[in-house]
Amino acid sequence: MIDFRLDDEYEALRKTVHDFAQNEVAPVIGGYYEREEFPYPLVAKMGEMGLFGLPFPEEYGGMGGDYFALCIALEELARVDSSVAVTLEAGVSLGAMPIYRFGSAEQKREWLPALCSGEALGGFGLTEPGGGSDAGATRTTARLDNGEWVINGSKAFITNSGTDITRLVTITAITGEAGGRKEISAIIVPSGTPGFTVAPKYSKVGWNASDTHELAFSDCRVPEENLVGERGRGYAQFLSILDEGRIAIAALGVGLAQGCVDECLRYVGEREAFGNKIGAYQAIQFKIADMELRAHTARLAYYEAASKMLRGEPFKKEAAIAKLASSNAAMDNSRDATQIFGGYGFMNEFAVGRFYRDAKILEIGEGTSEVQRMLIARELGLR
């Protein structure tokens, strides 16, 4: 028998994060967003709640949960704000997860406790200024010299890379050639390493309370043992991390889509036009019904992807479907919510204005919608 209900443990987590998002994030996040300021107090609170350690074992300071628990938390946070949600998503699935999945025992002992507690953040340096969707077009290089990797190159659009609590960035770099092809490896670069420069923060359309920077490496030296996993397997490792990350981003997208429904239901019960509450008009009812449909079906998509992942079954296609469905839902719902709010929807003081600005990146980050369609087609055997 198929049962889509959350068990008691998941439901308790969902309610805890829901209450935190509604009572502590919602009242203040608009100010952080307008100031383009990283919300350190909120991030610290999430760390105290154990959210950054949700899918990691207790031996590393984690909560002993799983990836689906992370997704539940992300959905609830994104119902209120995506900047806070993506800070958690990137900190866990992109910052800490590569070290947990592929790092040595020593690397896990050194880095994971602080990352799981939220006292530190990690970044994931894959994208480059000239690469975009073609992640294999890496140009950053790392060569061994007297027991150290000497790194030169740059990375673009890296989340959590320049905060006061950022401790490291795991990057991909060309470390040689094998069979005429680039040998790409993953290497940990601690923050503050000489030759590692974090550019000023980007001026972004959305996610304005999250941290995003371009990174540069100029003869940046780190110990040889900072290699993550097997030499030459960095690209494959990061692709697997992205498959998992797409489920997390899908949960975030569903949260934004559902948040649009939440905001509209409140608004249409108060706003009057032509002598009636606007929620009494069928045109508005149908629009909100379609919004709920999108959020609901996208949620089922990420639930299935997460369930296959946790069972150890192949989930690449399902992750791509979930990411594509949720980003479509987020974009469509934020556009419709803004329309329902009318002129107020164009004002940043209302959450739907932020949602509209935040939704677009979901069709781009962690694999564009076009990349998701390509992955789905390949999994269907289309070459």
# chains A, B, ... in the order shown; residues from 1 in each chain; ligands from 1

$ residues_around --residues "Ile278 (chain A)" --least-positions-apart "5" --cutoff "10 Å" --atoms "only C-alpha atoms" --output "VMD selection string"
chain A and resid 267 to 273 283 to 285 340

$ residues_around --residues "Tyr235 (chain A)" --least-positions-apart "2" --cutoff "10 Å" --atoms "only C-alpha atoms" --output "VMD selection string"
chain A and resid 126 135 to 136 138 171 to 174 182 to 186 232 to 233 237 to 241

$ residues_around --residues "region 41-43 of chain A" --least-positions-apart "4" --cutoff "12 Å" --atoms "only C-alpha atoms" --output "PyMOL selection string"
chain A and resi 20-21+23-29+32+37+47-52+77+81+83-89+91+115+117-121+160+163-165+209-211

$ select_by_dssp --residues "region 57-282 of chain A" --states "alpha helix (DSSP H)" --output "MDAnalysis selection string"
chainID A and resid 67:78 82:89 97:102 105:117 234:268 282

$ residues_around --residues "region 191-197 of chain A" --least-positions-apart "2" --cutoff "6 Å" --atoms "only C-alpha atoms" --output "PyMOL selection string"
chain A and resi 167-168+215-220

$ closest_residue --among "A:Asp336, A:Glu11, A:Asp66, A:Glu58" --to "Arg311 (chain A)" --atoms "only C-alpha atoms"
A:Asp66

$ residues_around --residues "region 102-110 of chain A" --least-positions-apart "2" --cutoff "6 Å" --atoms "only C-alpha atoms" --output "ChimeraX atom specification"
/A:98-100,112,228-229

$ residues_around --residues "Gly365 (chain A)" --least-positions-apart "3" --cutoff "12 Å" --atoms "only C-alpha atoms" --output "count of residues only"
31

$ select_by_dssp --residues "region 272-313 of chain A" --states "strand (DSSP E)" --output "ChimeraX atom specification"
/A:272-273,276-277

$ residues_around --residues "Arg354 (chain A)" --least-positions-apart "6" --cutoff "9 Å" --atoms "only C-alpha atoms" --output "list in words"
Gly30, Tyr33, Asp81, Ser82, Gly206, Trp207, Ser334, Met347 and Asn348 of chain A

$ closest_residue --among "A:Gly381, A:Pro113, A:Gly123, A:Gly64" --to "Ser93 (chain A)" --atoms "only C-alpha atoms"
A:Gly123
